$ cat coords05.tsv   # TSV, C-alpha atoms
chain	number	residue	atom	x	y	z
T	760	GLY	CA	2.29	-15.15	9.95
T	761	GLU	CA	-0.85	-14.73	7.96
T	762	SER	CA	-0.67	-13.17	4.56
T	763	VAL	CA	-2.51	-11.78	1.63
T	764	GLY	CA	-1.75	-13.44	-1.64
T	765	LEU	CA	-2.73	-13.23	-5.28
T	766	HIS	CA	-3.56	-16.17	-7.47
T	767	LEU	CA	-1.98	-14.88	-10.68
T	768	PRO	CA	1.05	-12.66	-11.03
T	769	THR	CA	0.20	-11.55	-14.60
T	770	LEU	CA	-2.93	-11.13	-16.66
T	771	SER	CA	-3.32	-10.07	-20.27
T	772	VAL	CA	-6.68	-9.08	-21.70
T	773	GLN	CA	-7.94	-7.66	-24.94
T	774	GLU	CA	-9.14	-4.10	-24.89
T	775	GLY	CA	-12.88	-4.05	-24.32
T	776	ASP	CA	-12.98	-7.38	-22.53
T	777	ASN	CA	-13.72	-7.74	-18.85
T	778	SER	CA	-10.86	-8.44	-16.42
T	779	ILE	CA	-10.99	-10.41	-13.22
T	780	ILE	CA	-8.19	-10.22	-10.69
T	781	ASN	CA	-8.29	-12.56	-7.74
T	782	CYS	CA	-6.91	-12.36	-4.24
T	783	ALA	CA	-6.84	-14.78	-1.33
T	784	TYR	CA	-6.54	-13.63	2.23
T	785	SER	CA	-5.94	-15.76	5.26
T	786	ASN	CA	-6.94	-13.64	8.24
T	787	SER	CA	-10.59	-14.32	8.92
T	788	ALA	CA	-10.60	-11.40	11.34
T	789	SER	CA	-9.99	-8.88	8.55
T	790	ASP	CA	-13.04	-6.71	8.11
T	791	TYR	CA	-11.96	-4.17	5.53
T	792	PHE	CA	-10.37	-4.68	2.15
T	793	ILE	CA	-9.06	-2.32	-0.47
T	794	TRP	CA	-7.97	-2.70	-4.05
T	795	TYR	CA	-5.14	-0.44	-5.18
T	796	LYS	CA	-3.85	0.26	-8.65
T	797	GLN	CA	-0.21	1.10	-9.20
T	798	GLU	CA	0.93	2.50	-12.50
T	799	SER	CA	4.55	2.52	-13.46
T	800	GLY	CA	6.48	5.17	-11.56
T	801	LYS	CA	3.57	6.10	-9.34
T	802	GLY	CA	2.32	5.27	-5.88
T	803	PRO	CA	-0.63	2.94	-5.31
T	804	GLN	CA	-3.96	4.56	-5.96
T	805	PHE	CA	-7.19	3.62	-4.18
T	806	ILE	CA	-9.71	1.98	-6.50
T	807	ILE	CA	-12.46	0.52	-4.38
T	808	ASP	CA	-13.00	-0.84	-0.91
T	809	ILE	CA	-15.38	-3.26	0.73
T	810	ARG	CA	-16.33	-4.04	4.29
T	811	SER	CA	-16.83	-7.53	5.56
T	812	ASN	CA	-20.56	-6.98	6.05
T	813	MET	CA	-20.92	-6.74	2.27
T	814	ASP	CA	-20.29	-9.28	-0.46
T	815	LYS	CA	-20.34	-6.95	-3.44
T	816	ARG	CA	-19.61	-3.34	-4.12
T	817	GLN	CA	-19.67	-1.52	-7.40
T	818	GLY	CA	-17.84	1.51	-8.59
T	819	GLN	CA	-17.33	3.04	-11.96
T	820	ARG	CA	-16.45	0.10	-14.23
T	821	VAL	CA	-15.15	-1.82	-11.22
T	822	THR	CA	-16.80	-4.32	-8.94
T	823	VAL	CA	-15.30	-5.99	-5.89
T	824	LEU	CA	-16.65	-9.31	-4.69
T	825	LEU	CA	-15.94	-10.69	-1.26
T	826	ASN	CA	-16.43	-14.31	-0.33
T	827	LYS	CA	-15.75	-14.63	3.37
T	828	THR	CA	-16.43	-18.35	3.39
T	829	VAL	CA	-13.37	-19.07	1.29
T	830	LYS	CA	-11.55	-15.82	2.14
T	831	HIS	CA	-11.43	-14.63	-1.42
T	832	LEU	CA	-11.61	-11.23	-3.05
T	833	SER	CA	-11.92	-10.39	-6.68
T	834	LEU	CA	-11.76	-7.21	-8.68
T	835	GLN	CA	-13.73	-7.07	-11.89
T	836	ILE	CA	-12.98	-4.37	-14.42
T	837	ALA	CA	-15.56	-3.93	-17.14
T	838	ALA	CA	-14.63	-2.99	-20.68
T	839	THR	CA	-10.92	-2.92	-19.89
T	840	GLN	CA	-9.04	-0.01	-21.43
T	841	PRO	CA	-5.31	0.50	-22.12
T	842	GLY	CA	-5.24	2.94	-19.21
T	843	ASP	CA	-6.13	0.08	-16.90
T	844	SER	CA	-2.72	-1.50	-17.49
T	845	ALA	CA	-1.07	-1.48	-14.09
T	846	VAL	CA	-0.28	-3.64	-11.10
T	847	TYR	CA	-3.26	-4.30	-8.87
T	848	PHE	CA	-2.90	-5.01	-5.17
T	849	CYS	CA	-5.44	-6.19	-2.68
T	850	ALA	CA	-4.96	-5.18	0.93
T	851	GLU	CA	-6.58	-6.31	4.15
T	852	ASN	CA	-6.63	-4.57	7.47
T	853	GLY	CA	-6.04	-7.83	9.27
T	854	LEU	CA	-7.07	-6.40	12.62
T	855	TYR	CA	-3.53	-7.28	13.64
T	856	GLY	CA	-2.92	-3.80	14.82
T	857	ARG	CA	-6.40	-2.58	15.58
T	858	ASP	CA	-5.40	-1.73	19.08
T	859	THR	CA	-1.90	-0.63	18.36
T	860	GLY	CA	-1.98	0.91	14.95
T	861	ASN	CA	-3.23	0.84	11.44
T	862	GLN	CA	-1.59	-1.63	9.14
T	863	PHE	CA	-2.75	-2.82	5.82
T	864	TYR	CA	-1.23	-5.98	4.44
T	865	PHE	CA	-0.65	-6.15	0.73
T	866	GLY	CA	-0.23	-9.00	-1.66
T	867	THR	CA	2.56	-9.04	-4.23
T	868	GLY	CA	0.27	-7.74	-6.93
T	869	THR	CA	-1.09	-8.81	-10.31
T	870	SER	CA	0.21	-7.13	-13.40
T	871	LEU	CA	-2.59	-6.40	-15.84
T	872	THR	CA	-1.68	-5.76	-19.46
T	873	VAL	CA	-4.38	-4.56	-21.83
T	874	ILE	CA	-3.77	-5.46	-25.45
T	875	PRO	CA	-5.11	-2.83	-27.86
E	1216	ASP	CA	-1.51	14.77	-7.18
E	1217	SER	CA	-2.49	12.66	-4.18
E	1218	GLY	CA	-1.67	15.34	-1.65
E	1219	VAL	CA	1.11	13.26	-0.09
E	1220	THR	CA	4.50	14.68	-1.02
E	1221	GLN	CA	7.68	12.66	-0.97
E	1222	THR	CA	11.18	13.92	-1.60
E	1223	PRO	CA	13.48	13.20	-3.22
E	1224	LYS	CA	12.00	11.21	-6.08
E	1225	HIS	CA	15.27	9.46	-6.80
E	1226	LEU	CA	18.33	8.84	-4.69
E	1227	ILE	CA	21.54	7.07	-5.62
E	1228	THR	CA	24.05	6.43	-2.90
E	1229	ALA	CA	26.88	4.11	-2.00
E	1230	THR	CA	26.89	1.20	0.40
E	1231	GLY	CA	27.53	2.17	3.98
E	1232	GLN	CA	26.02	5.61	3.57
E	1233	ARG	CA	23.02	7.16	5.30
E	1234	VAL	CA	20.06	8.83	3.65
E	1235	THR	CA	16.93	10.60	4.77
E	1236	LEU	CA	13.62	10.36	2.97
E	1237	ARG	CA	10.99	12.96	3.61
E	1238	CYS	CA	7.20	12.84	3.54
E	1239	SER	CA	4.54	15.48	3.96
E	1240	PRO	CA	1.12	13.97	4.60
E	1241	ARG	CA	-2.12	15.07	3.05
E	1242	SER	CA	-3.62	18.10	4.76
E	1243	GLY	CA	-5.61	17.00	7.78
E	1244	ASP	CA	-4.09	13.53	8.01
E	1245	LEU	CA	-2.42	12.72	11.29
E	1246	SER	CA	-1.03	9.29	10.51
E	1247	VAL	CA	1.99	8.60	8.36
E	1248	TYR	CA	3.07	5.15	7.22
E	1249	TRP	CA	6.22	4.01	5.55
E	1250	TYR	CA	6.31	1.07	3.18
E	1251	GLN	CA	9.12	-0.58	1.26
E	1252	GLN	CA	8.55	-2.07	-2.16
E	1253	SER	CA	11.34	-4.17	-3.62
E	1254	LEU	CA	11.43	-5.68	-7.11
E	1255	ASP	CA	8.78	-8.38	-7.41
E	1256	GLN	CA	7.71	-7.77	-3.86
E	1257	GLY	CA	4.56	-6.41	-2.44
E	1258	LEU	CA	4.40	-3.47	-0.15
E	1259	GLN	CA	6.06	-4.23	3.15
E	1260	PHE	CA	4.92	-2.18	6.10
E	1261	LEU	CA	7.77	-0.54	7.97
E	1262	ILE	CA	6.39	1.84	10.56
E	1263	GLN	CA	3.47	4.10	11.44
E	1264	TYR	CA	3.40	7.42	13.25
E	1265	TYR	CA	0.33	9.16	14.55
E	1266	ASN	CA	0.45	12.77	15.61
E	1267	GLY	CA	4.14	12.58	16.38
E	1268	GLU	CA	4.20	9.26	18.17
E	1269	GLU	CA	5.21	5.86	16.94
E	1270	ARG	CA	2.07	3.76	16.65
E	1271	ALA	CA	3.06	0.49	15.04
E	1272	LYS	CA	6.15	-1.23	13.78
E	1273	GLY	CA	6.41	-3.73	11.00
E	1274	ASN	CA	9.41	-5.29	9.32
E	1275	ILE	CA	11.72	-2.37	9.89
E	1276	LEU	CA	15.42	-3.06	10.22
E	1277	GLU	CA	17.36	-1.70	13.17
E	1278	ARG	CA	19.43	0.33	10.69
E	1279	PHE	CA	16.27	2.20	9.77
E	1280	SER	CA	14.49	4.75	11.91
E	1281	ALA	CA	11.75	7.28	11.47
E	1282	GLN	CA	10.17	10.20	13.18
E	1283	GLN	CA	7.21	12.52	12.78
E	1284	PHE	CA	7.61	16.18	13.53
E	1285	PRO	CA	5.15	18.66	15.09
E	1286	ASP	CA	4.16	19.87	11.64
E	1287	LEU	CA	3.30	16.20	10.90
E	1288	HIS	CA	5.89	15.67	8.20
E	1289	SER	CA	7.90	12.52	8.62
E	1290	GLU	CA	11.40	11.39	7.83
E	1291	LEU	CA	12.69	7.88	7.28
E	1292	ASN	CA	16.38	7.49	8.00
E	1293	LEU	CA	18.25	4.61	6.42
E	1294	SER	CA	21.81	4.00	7.58
E	1295	SER	CA	24.67	1.61	6.83
E	1296	LEU	CA	23.01	1.06	3.49
E	1297	GLU	CA	23.36	-2.26	1.73
E	1298	LEU	CA	22.69	-3.21	-1.87
E	1299	GLY	CA	19.56	-5.01	-0.74
E	1300	ASP	CA	18.08	-1.77	0.55
E	1301	SER	CA	17.55	-0.63	-3.03
E	1302	ALA	CA	13.81	-0.27	-3.35
E	1303	LEU	CA	10.91	2.09	-3.69
E	1304	TYR	CA	9.96	3.66	-0.40
E	1305	PHE	CA	6.42	4.88	-0.11
E	1306	CYS	CA	4.85	7.13	2.41
E	1307	ALA	CA	1.11	7.07	2.96
E	1308	SER	CA	-1.16	9.06	5.18
E	1309	SER	CA	-4.59	8.70	6.67
E	1310	VAL	CA	-6.77	10.71	8.96
E	1311	SER	CA	-7.08	8.00	11.56
E	1312	SER	CA	-4.69	6.29	13.93
E	1313	SER	CA	-6.54	3.01	13.92
E	1314	THR	CA	-7.52	0.76	11.09
E	1315	GLY	CA	-11.22	1.35	11.19
E	1316	TRP	CA	-12.45	1.63	7.66
E	1317	TYR	CA	-10.04	4.17	6.39
E	1318	GLY	CA	-7.68	3.62	3.54
E	1319	TYR	CA	-4.39	5.21	2.81
E	1320	THR	CA	-3.36	7.90	0.39
E	1321	PHE	CA	0.06	7.14	-1.02
E	1322	GLY	CA	2.77	9.45	-2.20
E	1323	SER	CA	4.61	8.81	-5.44
E	1324	GLY	CA	7.56	7.26	-3.68
E	1325	THR	CA	11.31	7.64	-3.45
E	1326	ARG	CA	13.38	5.29	-5.55
E	1327	LEU	CA	16.55	4.44	-3.65
E	1328	THR	CA	19.43	2.84	-5.48
E	1329	VAL	CA	22.40	1.67	-3.46
E	1330	VAL	CA	25.54	1.06	-5.51
$ encode --input "coords05.tsv" --output "structure tokens"
Amino acid sequence: GESVGLHLPTLSVQEGDNSIINCAYSNSASDYFIWYKQESGKGPQFIIDIRSNMDKRQGQRVTVLLNKTVKHLSLQIAATQPGDSAVYFCAENGLYGRDTGNQFYFGTGTSLTVIP
Amino acid sequence: DSGVTQTPKHLITATGQRVTLRCSPRSGDLSVYWYQQSLDQGLQFLIQYYNGEERAKGNILERFSAQQFPDLHSELNLSSLELGDSALYFCASSVSSSTGWYGYTFGSGTRLTVV
């Protein structure tokens, strides 16, 4: 089956630097993508989303870039802070279940560690 | 607080036993989803319910079952438990039954340990 995957399982950055987390997806029919943040002991938390008719979307300190040509997503975090330390997941809607349900497909996650 | 409530937070049980995990969705959300997260694994979709009816099934074992009640809370039943069932089980909810452009709101999970 098709899958969502992440390029790097771990990432360490210095506090104040920018972070970039990458994600590859394989279902070209996916038209909605979400980045989630999961802190230790907590459930995934929505960070930012993007639709396939966009190639960039900005939030507060976060930017998501979508390259449909190569089926690649990235999450950029500006001025990374210790509170950003978490596992980050990308998810695609895949359109697998558009007619039968609502299923997001998640990658295994990238663990971001911010060094003070 | 995400608005999605899961109980219990932790559960330790022996192999062969049966447990029930409970989820109350966010107010107004009609869909409930169950996901399993094992060590070093991503979130694996198990099953979705919408307004009381099963809507989609993922990689859910036959030993597992779920239901959604008229008040929209959901229960995930895990039986004949094996060591490999030890994982975090997350419930999520959304307002819609179909993918559309709606994301999920996740609960804080139930950590199941099978010994």
$ closest_residue --input "coords05.tsv" --among "E:Leu1303, E:Gly1322, E:Leu1327, E:Val1219" --to "Ser1253 (chain E)" --atoms "only C-alpha atoms"
E:Leu1303
$ residues_around --input "coords05.tsv" --residues "Phe848 (chain T)" --least-positions-apart "5" --cutoff "10 Å" --atoms "only C-alpha atoms" --output "compact mmCIF listing (two decimals) with C-alpha atoms, keeping the file's coordinate frame"
# COMPACT_ATOMS: atom_id res chain seq x y z
CA VAL T 763 -2.51 -11.78 1.63
CA GLY T 764 -1.75 -13.44 -1.64
CA LEU T 765 -2.73 -13.23 -5.28
CA ILE T 780 -8.19 -10.22 -10.69
CA ASN T 781 -8.29 -12.56 -7.74
CA CYS T 782 -6.91 -12.36 -4.24
CA ILE T 793 -9.06 -2.32 -0.47
CA TRP T 794 -7.97 -2.70 -4.05
CA TYR T 795 -5.14 -0.44 -5.18
CA LYS T 796 -3.85 0.26 -8.65
CA GLN T 797 -0.21 1.10 -9.20
CA PRO T 803 -0.63 2.94 -5.31
CA GLN T 804 -3.96 4.56 -5.96
CA PHE T 805 -7.19 3.62 -4.18
CA ILE T 806 -9.71 1.98 -6.50
CA LEU T 834 -11.76 -7.21 -8.68
CA TYR T 864 -1.23 -5.98 4.44
CA PHE T 865 -0.65 -6.15 0.73
CA GLY T 866 -0.23 -9.00 -1.66
CA THR T 867 2.56 -9.04 -4.23
CA GLY T 868 0.27 -7.74 -6.93
CA THR T 869 -1.09 -8.81 -10.31
CA SER T 870 0.21 -7.13 -13.40
CA GLY E 1257 4.56 -6.41 -2.44
CA LEU E 1258 4.40 -3.47 -0.15
$ residues_around --input "coords05.tsv" --residues "Pro841 (chain T)" --least-positions-apart "4" --cutoff "10 Å" --atoms "only C-alpha atoms" --output "list in words"
Val772, Gln773, Glu774, Gly775, Ala845, Leu871, Thr872, Val873, Ile874 and Pro875 of chain T
$ write_last_selection --input "coords05.tsv" --atoms "C-alpha atoms" --output "compact mmCIF listing (two decimals), keeping the file's coordinate frame"
# COMPACT_ATOMS: atom_id res chain seq x y z
CA VAL T 772 -6.68 -9.08 -21.70
CA GLN T 773 -7.94 -7.66 -24.94
CA GLU T 774 -9.14 -4.10 -24.89
CA GLY T 775 -12.88 -4.05 -24.32
CA ALA T 845 -1.07 -1.48 -14.09
CA LEU T 871 -2.59 -6.40 -15.84
CA THR T 872 -1.68 -5.76 -19.46
CA VAL T 873 -4.38 -4.56 -21.83
CA ILE T 874 -3.77 -5.46 -25.45
CA PRO T 875 -5.11 -2.83 -27.86
$ residues_near_point --input "coords05.tsv" --point "(-15.2, -6.7, -11.0)" --cutoff "8 Å" --atoms "all atoms listed in the file" --output "PDB file with C-alpha atoms, in the coordinates of the input"
ATOM      1  CA  SER T 778     -10.860  -8.440 -16.420  1.00  0.00           C
ATOM      2  CA  ILE T 779     -10.990 -10.410 -13.220  1.00  0.00           C
ATOM      3  CA  ILE T 780      -8.190 -10.220 -10.690  1.00  0.00           C
ATOM      4  CA  GLN T 817     -19.670  -1.520  -7.400  1.00  0.00           C
ATOM      5  CA  ARG T 820     -16.450   0.100 -14.230  1.00  0.00           C
ATOM      6  CA  VAL T 821     -15.150  -1.820 -11.220  1.00  0.00           C
ATOM      7  CA  THR T 822     -16.800  -4.320  -8.940  1.00  0.00           C
ATOM      8  CA  VAL T 823     -15.300  -5.990  -5.890  1.00  0.00           C
ATOM      9  CA  LEU T 824     -16.650  -9.310  -4.690  1.00  0.00           C
ATOM     10  CA  SER T 833     -11.920 -10.390  -6.680  1.00  0.00           C
ATOM     11  CA  LEU T 834     -11.760  -7.210  -8.680  1.00  0.00           C
ATOM     12  CA  GLN T 835     -13.730  -7.070 -11.890  1.00  0.00           C
ATOM     13  CA  ILE T 836     -12.980  -4.370 -14.420  1.00  0.00           C
ATOM     14  CA  ALA T 837     -15.560  -3.930 -17.140  1.00  0.00           C
TER      15      ALA T 837
END
$ closest_atom_pairs --input "coords05.tsv" --of "chain E" --to "chain T" --cutoff "10 Å" --atoms "only C-alpha atoms" --output "tab-separated table"
residue	atom	partner	partner_atom	distance
E:Ser1217	CA	T:Gln804	CA	8.4
E:Val1219	CA	T:Gly802	CA	9.9
E:Lys1224	CA	T:Gly800	CA	9.8
E:Ser1246	CA	T:Asn861	CA	8.8
E:Val1247	CA	T:Asn861	CA	9.8
E:Tyr1248	CA	T:Gln862	CA	8.4
E:Gln1252	CA	T:Thr867	CA	9.4
E:Leu1254	CA	T:Thr867	CA	9.9
E:Asp1255	CA	T:Thr867	CA	7.0
E:Gln1256	CA	T:Thr867	CA	5.3
E:Gly1257	CA	T:Thr867	CA	3.8
E:Leu1258	CA	T:Phe865	CA	5.8
E:Gln1259	CA	T:Phe865	CA	7.4
E:Phe1260	CA	T:Gln862	CA	7.2
E:Leu1261	CA	T:Gln862	CA	9.5
E:Ile1262	CA	T:Gln862	CA	8.8
E:Gln1263	CA	T:Gly860	CA	7.2
E:Tyr1264	CA	T:Gly860	CA	8.6
E:Tyr1265	CA	T:Gly860	CA	8.6
E:Glu1269	CA	T:Gly860	CA	9.0
E:Arg1270	CA	T:Gly860	CA	5.2
E:Ala1271	CA	T:Gly860	CA	5.1
E:Lys1272	CA	T:Gly860	CA	8.5
E:Gly1273	CA	T:Gln862	CA	8.5
E:Leu1303	CA	T:Gly802	CA	9.4
E:Tyr1304	CA	T:Gly802	CA	9.5
E:Phe1305	CA	T:Gly802	CA	7.1
E:Cys1306	CA	T:Gly802	CA	8.9
E:Ala1307	CA	T:Gly802	CA	9.1
E:Ser1309	CA	T:Asn861	CA	9.3
E:Ser1311	CA	T:Asn861	CA	8.1
E:Ser1312	CA	T:Gly860	CA	6.1
E:Ser1313	CA	T:Asn861	CA	4.7
E:Thr1314	CA	T:Asn861	CA	4.3
E:Gly1315	CA	T:Arg857	CA	7.6
E:Trp1316	CA	T:Tyr791	CA	6.2
E:Tyr1317	CA	T:Tyr791	CA	8.6
E:Gly1318	CA	T:Ile793	CA	7.3
E:Tyr1319	CA	T:Phe805	CA	7.7
E:Thr1320	CA	T:Gln804	CA	7.2
E:Phe1321	CA	T:Gly802	CA	5.7
E:Gly1322	CA	T:Gly802	CA	5.6
E:Ser1323	CA	T:Gly802	CA	4.2
E:Gly1324	CA	T:Gly802	CA	6.0
E:Thr1325	CA	T:Gly802	CA	9.6
E:Arg1326	CA	T:Gly800	CA	9.2
$ residues_around --input "coords05.tsv" --residues "Lys830 (chain T)" --least-positions-apart "6" --cutoff "9 Å" --atoms "only C-alpha atoms" --output "PyMOL selection string"
chain T and resi 782-787
$ atom_distance --input "coords05.tsv" --atom1 "CA of Tyr1250 (chain E)" --atom2 "CA of Arg1278 (chain E)"
15.1 Å
$ atom_distance --input "coords05.tsv" --atom1 "CA of Gly842 (chain T)" --atom2 "CA of Ser799 (chain T)"
11.4 Å
$ closest_residue --input "coords05.tsv" --among "E:Gly1243, E:Thr1235, E:Gln1251, E:Glu1297" --to "Ala1281 (chain E)" --atoms "all atoms listed in the file"
E:Thr1235
$ atom_distance --input "coords05.tsv" --atom1 "CA of Ile1275 (chain E)" --atom2 "CA of Trp1249 (chain E)"
9.5 Å
$ decode --input "coords05.tsv" --residues "region 1260-1270 of chain E" --atoms "all heavy atoms" --output "mmCIF file, in the first residue's frame"
data_model
loop_
_atom_site.group_PDB
_atom_site.id
_atom_site.type_symbol
_atom_site.label_atom_id
_atom_site.label_comp_id
_atom_site.auth_asym_id
_atom_site.auth_seq_id
_atom_site.Cartn_x
_atom_site.Cartn_y
_atom_site.Cartn_z
ATOM 1 N N PHE E 1260 -4.137 3.576 11.979
ATOM 2 C CA PHE E 1260 -5.583 3.717 12.033
ATOM 3 C C PHE E 1260 -6.242 2.375 12.292
ATOM 4 O O PHE E 1260 -5.923 1.372 11.647
ATOM 5 C CB PHE E 1260 -6.084 4.302 10.704
ATOM 6 C CG PHE E 1260 -7.575 4.314 10.550
ATOM 7 C CD1 PHE E 1260 -8.351 5.179 11.294
ATOM 8 C CD2 PHE E 1260 -8.199 3.449 9.666
ATOM 9 C CE1 PHE E 1260 -9.723 5.191 11.152
ATOM 10 C CE2 PHE E 1260 -9.568 3.460 9.509
ATOM 11 C CZ PHE E 1260 -10.336 4.322 10.259
ATOM 12 N N LEU E 1261 -7.147 2.351 13.249
ATOM 13 C CA LEU E 1261 -7.864 1.121 13.569
ATOM 14 C C LEU E 1261 -9.272 1.132 13.001
ATOM 15 O O LEU E 1261 -9.660 0.259 12.224
ATOM 16 C CB LEU E 1261 -7.922 0.918 15.086
ATOM 17 C CG LEU E 1261 -6.594 0.708 15.799
ATOM 18 C CD1 LEU E 1261 -6.807 0.572 17.298
ATOM 19 C CD2 LEU E 1261 -5.854 -0.504 15.251
ATOM 20 N N ILE E 1262 -10.062 2.129 13.406
ATOM 21 C CA ILE E 1262 -11.474 2.117 13.018
ATOM 22 C C ILE E 1262 -12.079 3.505 13.213
ATOM 23 O O ILE E 1262 -11.590 4.292 14.022
ATOM 24 C CB ILE E 1262 -12.237 1.054 13.831
ATOM 25 C CG1 ILE E 1262 -13.578 0.696 13.197
ATOM 26 C CG2 ILE E 1262 -12.376 1.474 15.292
ATOM 27 C CD1 ILE E 1262 -14.182 -0.598 13.737
ATOM 28 N N GLN E 1263 -13.105 3.786 12.434
ATOM 29 C CA GLN E 1263 -13.834 5.045 12.535
ATOM 30 C C GLN E 1263 -15.326 4.775 12.698
ATOM 31 O O GLN E 1263 -15.880 3.900 12.045
ATOM 32 C CB GLN E 1263 -13.639 5.898 11.281
ATOM 33 C CG GLN E 1263 -14.450 7.198 11.301
ATOM 34 C CD GLN E 1263 -14.694 7.796 9.930
ATOM 35 O OE1 GLN E 1263 -14.246 7.268 8.929
ATOM 36 N NE2 GLN E 1263 -15.404 8.916 9.880
ATOM 37 N N TYR E 1264 -15.945 5.548 13.571
ATOM 38 C CA TYR E 1264 -17.399 5.549 13.711
ATOM 39 C C TYR E 1264 -17.922 6.942 13.453
ATOM 40 O O TYR E 1264 -17.276 7.933 13.795
ATOM 41 C CB TYR E 1264 -17.820 5.092 15.113
ATOM 42 C CG TYR E 1264 -17.849 3.594 15.234
ATOM 43 C CD1 TYR E 1264 -16.677 2.886 15.472
ATOM 44 C CD2 TYR E 1264 -19.026 2.895 15.068
ATOM 45 C CE1 TYR E 1264 -16.693 1.513 15.551
ATOM 46 C CE2 TYR E 1264 -19.058 1.511 15.154
ATOM 47 C CZ TYR E 1264 -17.881 0.831 15.393
ATOM 48 O OH TYR E 1264 -17.897 -0.536 15.469
ATOM 49 N N TYR E 1265 -19.079 6.992 12.822
ATOM 50 C CA TYR E 1265 -19.733 8.264 12.570
ATOM 51 C C TYR E 1265 -21.177 8.136 13.010
ATOM 52 O O TYR E 1265 -21.918 7.301 12.489
ATOM 53 C CB TYR E 1265 -19.651 8.653 11.098
ATOM 54 C CG TYR E 1265 -20.421 9.908 10.762
ATOM 55 C CD1 TYR E 1265 -19.941 11.152 11.141
ATOM 56 C CD2 TYR E 1265 -21.637 9.839 10.085
ATOM 57 C CE1 TYR E 1265 -20.649 12.303 10.846
ATOM 58 C CE2 TYR E 1265 -22.358 10.991 9.786
ATOM 59 C CZ TYR E 1265 -21.854 12.214 10.176
ATOM 60 O OH TYR E 1265 -22.560 13.359 9.890
ATOM 61 N N ASN E 1266 -21.537 8.935 13.972
ATOM 62 C CA ASN E 1266 -22.916 8.996 14.454
ATOM 63 C C ASN E 1266 -23.478 7.600 14.742
ATOM 64 O O ASN E 1266 -24.620 7.299 14.396
ATOM 65 C CB ASN E 1266 -23.789 9.708 13.415
ATOM 66 C CG ASN E 1266 -25.011 10.350 14.055
ATOM 67 O OD1 ASN E 1266 -25.055 10.574 15.263
ATOM 68 N ND2 ASN E 1266 -26.016 10.621 13.253
ATOM 69 N N GLY E 1267 -22.650 6.791 15.353
ATOM 70 C CA GLY E 1267 -23.101 5.479 15.800
ATOM 71 C C GLY E 1267 -22.846 4.337 14.845
ATOM 72 O O GLY E 1267 -23.010 3.168 15.218
ATOM 73 N N GLU E 1268 -22.433 4.651 13.642
ATOM 74 C CA GLU E 1268 -22.223 3.580 12.663
ATOM 75 C C GLU E 1268 -20.758 3.472 12.276
ATOM 76 O O GLU E 1268 -20.059 4.483 12.137
ATOM 77 C CB GLU E 1268 -23.049 3.861 11.401
ATOM 78 C CG GLU E 1268 -24.542 3.789 11.643
ATOM 79 C CD GLU E 1268 -25.328 3.869 10.351
ATOM 80 O OE1 GLU E 1268 -24.713 3.955 9.273
ATOM 81 O OE2 GLU E 1268 -26.573 3.858 10.428
ATOM 82 N N GLU E 1269 -20.331 2.250 12.056
ATOM 83 C CA GLU E 1269 -18.971 2.030 11.597
ATOM 84 C C GLU E 1269 -18.823 2.619 10.198
ATOM 85 O O GLU E 1269 -19.639 2.378 9.313
ATOM 86 C CB GLU E 1269 -18.652 0.532 11.563
ATOM 87 C CG GLU E 1269 -17.238 0.223 11.139
ATOM 88 C CD GLU E 1269 -16.986 -1.266 11.045
ATOM 89 O OE1 GLU E 1269 -17.191 -1.977 12.036
ATOM 90 O OE2 GLU E 1269 -16.597 -1.718 9.946
ATOM 91 N N ARG E 1270 -17.750 3.391 10.013
ATOM 92 C CA ARG E 1270 -17.580 4.101 8.749
ATOM 93 C C ARG E 1270 -16.392 3.583 7.948
ATOM 94 O O ARG E 1270 -16.421 3.543 6.740
ATOM 95 C CB ARG E 1270 -17.376 5.577 9.066
ATOM 96 C CG ARG E 1270 -17.568 6.500 7.907
ATOM 97 C CD ARG E 1270 -19.031 6.857 7.731
ATOM 98 N NE ARG E 1270 -19.145 7.945 6.758
ATOM 99 C CZ ARG E 1270 -19.413 7.751 5.472
ATOM 100 N NH1 ARG E 1270 -19.575 6.539 5.002
ATOM 101 N NH2 ARG E 1270 -19.496 8.780 4.655
#
